[in-house]
Amino acid sequence: AGWPLAPALHQPTPCVGVILDTSGSMSAQTADGRTCEDDALSEVAGIARAAGAEVWAVACDAAAYDVVRVGSDRDLKKLNKGGGGTNMQPGFDAIMKKHPDLVVIVTDGYVGNDWPSPEACRGVRLLAVLVGGCSKPPAYIPWLEAVP
């Protein structure tokens, strides 16, 4: 019947989902003259290079846009959408269709109460990458890990 597959010979490939905040506040300039969105796109590119995994991303302001696979810097141009209000839940719902093992929200932190709910986050690790000088995660979101 064949040889059994030994556990050490199987290496699952993780899937990373990225929600890029493209709300109006992301166009603010940082101390070095760049915009928060520039910094955020750099973070998305870094995640794609370092992940060693499948990376999917969605631009999200108050609505989610197309989910795109990010494999190179050229793919970042597909994320240049938005500029309105802020609500991360539609982006979370869109990226969860790819069944990620980790969801990273790249944002300036000005999201208000519109983060994914703890019920929606069950079974997936949620991480926020804060750009534009925001160094503290929102205190009212205890299920969110944040990296400034």
# chains A, B, ... in the order shown; residues from 1 in each chain; ligands from 1

$ residues_around --residues "A:His99" --least-positions-apart "4" --cutoff "10 Å" --atoms "only C-alpha atoms" --output "count of residues only"
8

$ select_by_dssp --residues "stretch 31-147 of chain A" --states "helix (DSSP H, G or I)" --output "PyMOL selection string"
chain A and resi 36-51+73-79+89-98

$ residues_around --residues "A:Ser23" --least-positions-apart "5" --cutoff "8 Å" --atoms "only C-alpha atoms" --output "NGL selection string"
:A and (60-62 or 82-86)

$ decode --residues "stretch 13-44 of chain A" --atoms "C-alpha atoms" --output "compact mmCIF listing (two decimals), in the first residue's frame"
# COMPACT_ATOMS: atom_id res chain seq x y z
CA THR A 13 2.96 26.19 4.54
CA PRO A 14 1.37 28.91 6.64
CA CYS A 15 -0.87 31.56 5.15
CA VAL A 16 -0.56 35.20 6.23
CA GLY A 17 -3.38 37.68 5.72
CA VAL A 18 -2.61 41.41 5.76
CA ILE A 19 -5.17 44.17 6.17
CA LEU A 20 -3.75 47.48 4.98
CA ASP A 21 -5.46 50.50 6.51
CA THR A 22 -5.99 52.97 3.64
CA SER A 23 -8.27 55.37 5.49
CA GLY A 24 -7.86 59.14 5.21
CA SER A 25 -5.67 59.38 8.32
CA MET A 26 -3.02 57.23 6.62
CA SER A 27 -2.16 60.15 4.31
CA ALA A 28 -0.72 62.11 7.26
CA GLN A 29 2.98 62.83 7.08
CA THR A 30 5.37 61.37 9.62
CA ALA A 31 8.38 63.16 11.11
CA ASP A 32 10.61 62.02 8.23
CA GLY A 33 8.30 63.48 5.56
CA ARG A 34 6.83 60.17 4.42
CA THR A 35 3.15 59.34 4.79
CA CYS A 36 1.80 56.66 7.10
CA GLU A 37 0.66 54.83 3.98
CA ASP A 38 4.23 54.81 2.62
CA ASP A 39 5.43 53.28 5.88
CA ALA A 40 2.55 50.79 5.84
CA LEU A 41 3.33 49.66 2.28
CA SER A 42 6.97 49.15 3.31
CA GLU A 43 5.76 46.95 6.15
CA VAL A 44 3.56 44.90 3.80
